[in-house]
Amino acid sequence: MDRYKELAERLKAATGGRETVLTQGIVTKVDGLLCEVKIGGLTVPDVRLRASETEDSGQLLIVPKVGTAVTVGSLTGGLSELVVLAVDHVERITVNGGQLGGLVNIGELTARLNAFVDAFNAHTHQGTHGPTSAPLKSAEAFSRGDYEDEKITH
């Protein structure tokens, strides 16, 4: 037996004979853990953005942009209980409930750190008879908003 046919038969047996339904649509609205997806001429409300509806502080939540294409699958074999499986464009990603804040934009952070290092390396001390070299440049204070990307939190 061909491996793909065997996989299809095993999946069908595992789901109690229900047909696996996958389809594609366009997100028209997002509300919390649910979204609305237009599939052909039909707008389907209450499509899940996560596998379960259970509140979980360790969740992974991928929120699609309104207007983007998504692939949805059915948990029942029909158009009830759909869940988003893949997203073309993301509005926001939350990892582990977003409790630790945003991820770092490493390019901007590196530039800021290097500016600080340059200022530190140019530092001189005052000698008994005046400065021993050029005065220390002042470095700008670090601000979290300068290098935090709040679209992805963990």
# chains A, B, ... in the order shown; residues from 1 in each chain; ligands from 1
>>> residues_around(residues="Ser74 of chain A", least_positions_apart="3", cutoff="10 Å", atoms="only C-alpha atoms", output="list in words")
Glu19, Thr20, Val21, Leu22, Thr23, Val47, Gly77, Gly78, Leu79, Ser80, Glu81, Leu82, Val83, Val84 and Leu85 of chain A
>>> write_last_selection(atoms="N, CA, C and O atoms", output="PDB file, in the first residue's frame")
ATOM      1  N   GLU A  19     -14.407  12.974   7.959  1.00  0.00           N
ATOM      2  CA  GLU A  19     -13.573  13.500   6.880  1.00  0.00           C
ATOM      3  C   GLU A  19     -12.760  14.685   7.403  1.00  0.00           C
ATOM      4  O   GLU A  19     -13.259  15.477   8.196  1.00  0.00           O
ATOM      5  N   THR A  20     -11.531  14.774   6.985  1.00  0.00           N
ATOM      6  CA  THR A  20     -10.700  15.919   7.342  1.00  0.00           C
ATOM      7  C   THR A  20     -11.005  17.050   6.380  1.00  0.00           C
ATOM      8  O   THR A  20     -10.931  16.876   5.169  1.00  0.00           O
ATOM      9  N   VAL A  21     -11.363  18.213   6.933  1.00  0.00           N
ATOM     10  CA  VAL A  21     -11.722  19.361   6.108  1.00  0.00           C
ATOM     11  C   VAL A  21     -10.686  20.463   6.315  1.00  0.00           C
ATOM     12  O   VAL A  21     -10.475  20.933   7.426  1.00  0.00           O
ATOM     13  N   LEU A  22     -10.028  20.837   5.235  1.00  0.00           N
ATOM     14  CA  LEU A  22      -9.110  21.973   5.221  1.00  0.00           C
ATOM     15  C   LEU A  22      -9.588  22.919   4.136  1.00  0.00           C
ATOM     16  O   LEU A  22      -9.975  22.473   3.055  1.00  0.00           O
ATOM     17  N   THR A  23      -9.560  24.196   4.420  1.00  0.00           N
ATOM     18  CA  THR A  23      -9.950  25.172   3.413  1.00  0.00           C
ATOM     19  C   THR A  23      -9.198  26.476   3.663  1.00  0.00           C
ATOM     20  O   THR A  23      -8.519  26.614   4.676  1.00  0.00           O
ATOM     21  N   VAL A  47     -14.082  31.475  14.523  1.00  0.00           N
ATOM     22  CA  VAL A  47     -13.003  30.559  14.147  1.00  0.00           C
ATOM     23  C   VAL A  47     -11.895  30.720  15.179  1.00  0.00           C
ATOM     24  O   VAL A  47     -11.446  31.834  15.452  1.00  0.00           O
ATOM     25  N   GLY A  77     -15.275  17.961  11.182  1.00  0.00           N
ATOM     26  CA  GLY A  77     -15.506  17.431   9.839  1.00  0.00           C
ATOM     27  C   GLY A  77     -16.409  18.315   9.009  1.00  0.00           C
ATOM     28  O   GLY A  77     -16.593  18.070   7.822  1.00  0.00           O
ATOM     29  N   GLY A  78     -16.985  19.353   9.610  1.00  0.00           N
ATOM     30  CA  GLY A  78     -17.851  20.294   8.900  1.00  0.00           C
ATOM     31  C   GLY A  78     -17.347  21.710   9.103  1.00  0.00           C
ATOM     32  O   GLY A  78     -16.178  21.917   9.437  1.00  0.00           O
ATOM     33  N   LEU A  79     -18.237  22.689   8.937  1.00  0.00           N
ATOM     34  CA  LEU A  79     -17.824  24.082   9.108  1.00  0.00           C
ATOM     35  C   LEU A  79     -17.993  24.583  10.541  1.00  0.00           C
ATOM     36  O   LEU A  79     -17.766  25.748  10.818  1.00  0.00           O
ATOM     37  N   SER A  80     -18.381  23.704  11.462  1.00  0.00           N
ATOM     38  CA  SER A  80     -18.415  24.119  12.866  1.00  0.00           C
ATOM     39  C   SER A  80     -17.061  23.811  13.492  1.00  0.00           C
ATOM     40  O   SER A  80     -16.345  22.925  13.040  1.00  0.00           O
ATOM     41  N   GLU A  81     -16.722  24.558  14.502  1.00  0.00           N
ATOM     42  CA  GLU A  81     -15.456  24.398  15.233  1.00  0.00           C
ATOM     43  C   GLU A  81     -14.235  24.407  14.315  1.00  0.00           C
ATOM     44  O   GLU A  81     -13.441  23.475  14.294  1.00  0.00           O
ATOM     45  N   LEU A  82     -14.089  25.502  13.576  1.00  0.00           N
ATOM     46  CA  LEU A  82     -12.909  25.692  12.736  1.00  0.00           C
ATOM     47  C   LEU A  82     -11.784  26.303  13.559  1.00  0.00           C
ATOM     48  O   LEU A  82     -12.020  27.050  14.501  1.00  0.00           O
ATOM     49  N   VAL A  83     -10.562  25.972  13.180  1.00  0.00           N
ATOM     50  CA  VAL A  83      -9.383  26.529  13.843  1.00  0.00           C
ATOM     51  C   VAL A  83      -8.391  26.973  12.766  1.00  0.00           C
ATOM     52  O   VAL A  83      -8.228  26.307  11.742  1.00  0.00           O
ATOM     53  N   VAL A  84      -7.750  28.120  12.991  1.00  0.00           N
ATOM     54  CA  VAL A  84      -6.741  28.630  12.055  1.00  0.00           C
ATOM     55  C   VAL A  84      -5.487  27.771  12.190  1.00  0.00           C
ATOM     56  O   VAL A  84      -4.961  27.584  13.282  1.00  0.00           O
ATOM     57  N   LEU A  85      -4.988  27.267  11.060  1.00  0.00           N
ATOM     58  CA  LEU A  85      -3.805  26.408  11.049  1.00  0.00           C
ATOM     59  C   LEU A  85      -2.565  27.116  10.496  1.00  0.00           C
ATOM     60  O   LEU A  85      -1.447  26.791  10.882  1.00  0.00           O
TER      61      LEU A  85
END
>>> select_by_dssp(residues="segment 25-114 of chain A", states="strand (DSSP E or B)", output="MDAnalysis selection string")
chainID A and resid 25:31 34:39 42:48 60:64 69:74 82:87 90:95 102:104
>>> residues_around(residues="Gly58 of chain A", least_positions_apart="4", cutoff="9 Å", atoms="only C-alpha atoms", output="list in words")
Val95, Asn96, Gly97, Gly98 and Gln99 of chain A
>>> atom_distance(atom1="atom CA of Gly107 of chain A", atom2="atom CA of Glu91 of chain A")
21.3 Å
>>> closest_residue(among="A:Pro64, A:Gly16, A:Gly102, A:Gly25", to="Val44 of chain A", atoms="only C-alpha atoms")
A:Gly25
>>> select_by_dssp(residues="segment 6-43 of chain A", states="helix (DSSP H, G or I)", output="list of chain:residue names")
A:Glu6, A:Leu7, A:Ala8, A:Glu9, A:Arg10, A:Leu11, A:Lys12, A:Ala13, A:Ala14
>>> write_last_selection(atoms="N, CA, C and O atoms", output="short mmCIF file (atom, residue, chain, number, x, y, z; two decimals), in the first residue's frame")
data_model
loop_
_atom_site.label_atom_id
_atom_site.label_comp_id
_atom_site.auth_asym_id
_atom_site.auth_seq_id
_atom_site.Cartn_x
_atom_site.Cartn_y
_atom_site.Cartn_z
N GLU A 6 -2.00 4.93 3.13
CA GLU A 6 -2.00 4.35 4.48
C GLU A 6 -2.19 5.45 5.53
O GLU A 6 -2.96 5.28 6.48
N LEU A 7 -1.51 6.59 5.36
CA LEU A 7 -1.66 7.71 6.29
C LEU A 7 -3.10 8.20 6.29
O LEU A 7 -3.70 8.43 7.35
N ALA A 8 -3.70 8.35 5.11
CA ALA A 8 -5.09 8.81 5.00
C ALA A 8 -6.03 7.85 5.73
O ALA A 8 -6.94 8.28 6.44
N GLU A 9 -5.81 6.57 5.55
CA GLU A 9 -6.66 5.57 6.21
C GLU A 9 -6.49 5.61 7.72
O GLU A 9 -7.47 5.51 8.47
N ARG A 10 -5.27 5.78 8.19
CA ARG A 10 -5.02 5.86 9.64
C ARG A 10 -5.64 7.12 10.24
O ARG A 10 -6.19 7.07 11.34
N LEU A 11 -5.55 8.24 9.53
CA LEU A 11 -6.17 9.48 10.01
C LEU A 11 -7.68 9.34 10.08
O LEU A 11 -8.31 9.78 11.04
N LYS A 12 -8.26 8.71 9.07
CA LYS A 12 -9.70 8.51 9.06
C LYS A 12 -10.12 7.61 10.22
O LYS A 12 -11.11 7.88 10.90
N ALA A 13 -9.35 6.57 10.49
CA ALA A 13 -9.65 5.68 11.61
C ALA A 13 -9.50 6.40 12.95
O ALA A 13 -10.31 6.23 13.86
N ALA A 14 -8.49 7.26 13.07
CA ALA A 14 -8.24 7.99 14.31
C ALA A 14 -9.33 9.00 14.61
O ALA A 14 -9.58 9.33 15.77
#
>>> closest_residue(among="A:Asp2, A:Asp118, A:Asp31, A:Glu108", to="Asp146 of chain A", atoms="only C-alpha atoms")
A:Glu108
>>> closest_residue(among="A:Arg18, A:Val37, A:Leu61, A:Lys5", to="Arg92 of chain A", atoms="only C-alpha atoms")
A:Leu61
>>> residues_around(residues="Val90 of chain A", least_positions_apart="4", cutoff="12 Å", atoms="only C-alpha atoms", output="ChimeraX atom specification")
/A:27,30,49,61-70,86,94,151-152
>>> residues_around(residues="Gly145 of chain A", least_positions_apart="4", cutoff="12 Å", atoms="only C-alpha atoms", output="list in words")
Gly101, Gly102, Leu103, Val104, Asn105, Glu108, Leu109, Ala141, Asp149 and Glu150 of chain A
>>> write_last_selection(atoms="N, CA, C and O atoms", output="PDB file, in the first residue's frame")
ATOM      1  N   GLY A 101       7.255  40.634  28.264  1.00  0.00           N
ATOM      2  CA  GLY A 101       7.434  41.825  27.436  1.00  0.00           C
ATOM      3  C   GLY A 101       7.850  41.475  26.019  1.00  0.00           C
ATOM      4  O   GLY A 101       7.818  40.322  25.599  1.00  0.00           O
ATOM      5  N   GLY A 102       8.246  42.508  25.273  1.00  0.00           N
ATOM      6  CA  GLY A 102       8.567  42.347  23.858  1.00  0.00           C
ATOM      7  C   GLY A 102       9.955  41.799  23.602  1.00  0.00           C
ATOM      8  O   GLY A 102      10.840  41.871  24.459  1.00  0.00           O
ATOM      9  N   LEU A 103      10.135  41.270  22.411  1.00  0.00           N
ATOM     10  CA  LEU A 103      11.441  40.789  21.991  1.00  0.00           C
ATOM     11  C   LEU A 103      12.313  41.970  21.571  1.00  0.00           C
ATOM     12  O   LEU A 103      11.823  43.050  21.273  1.00  0.00           O
ATOM     13  N   VAL A 104      13.595  41.769  21.516  1.00  0.00           N
ATOM     14  CA  VAL A 104      14.546  42.826  21.214  1.00  0.00           C
ATOM     15  C   VAL A 104      14.806  42.904  19.711  1.00  0.00           C
ATOM     16  O   VAL A 104      14.981  41.885  19.050  1.00  0.00           O
ATOM     17  N   ASN A 105      14.812  44.136  19.168  1.00  0.00           N
ATOM     18  CA  ASN A 105      15.271  44.377  17.804  1.00  0.00           C
ATOM     19  C   ASN A 105      16.797  44.481  17.892  1.00  0.00           C
ATOM     20  O   ASN A 105      17.343  45.520  18.257  1.00  0.00           O
ATOM     21  N   GLU A 108      19.040  47.541  16.342  1.00  0.00           N
ATOM     22  CA  GLU A 108      18.971  48.816  17.049  1.00  0.00           C
ATOM     23  C   GLU A 108      19.682  48.741  18.400  1.00  0.00           C
ATOM     24  O   GLU A 108      20.378  49.657  18.810  1.00  0.00           O
ATOM     25  N   LEU A 109      19.508  47.625  19.105  1.00  0.00           N
ATOM     26  CA  LEU A 109      20.170  47.458  20.398  1.00  0.00           C
ATOM     27  C   LEU A 109      21.685  47.445  20.223  1.00  0.00           C
ATOM     28  O   LEU A 109      22.408  48.102  20.976  1.00  0.00           O
ATOM     29  N   ALA A 141      20.779  57.839  27.458  1.00  0.00           N
ATOM     30  CA  ALA A 141      20.208  56.823  28.348  1.00  0.00           C
ATOM     31  C   ALA A 141      19.480  55.762  27.515  1.00  0.00           C
ATOM     32  O   ALA A 141      18.927  56.058  26.464  1.00  0.00           O
ATOM     33  N   ASP A 149      10.315  45.313  20.269  1.00  0.00           N
ATOM     34  CA  ASP A 149       9.281  45.075  19.270  1.00  0.00           C
ATOM     35  C   ASP A 149       8.099  44.454  19.991  1.00  0.00           C
ATOM     36  O   ASP A 149       8.142  43.296  20.376  1.00  0.00           O
ATOM     37  N   GLU A 150       7.043  45.214  20.203  1.00  0.00           N
ATOM     38  CA  GLU A 150       5.910  44.745  20.993  1.00  0.00           C
ATOM     39  C   GLU A 150       4.957  43.840  20.201  1.00  0.00           C
ATOM     40  O   GLU A 150       3.990  43.340  20.776  1.00  0.00           O
TER      41      GLU A 150
END
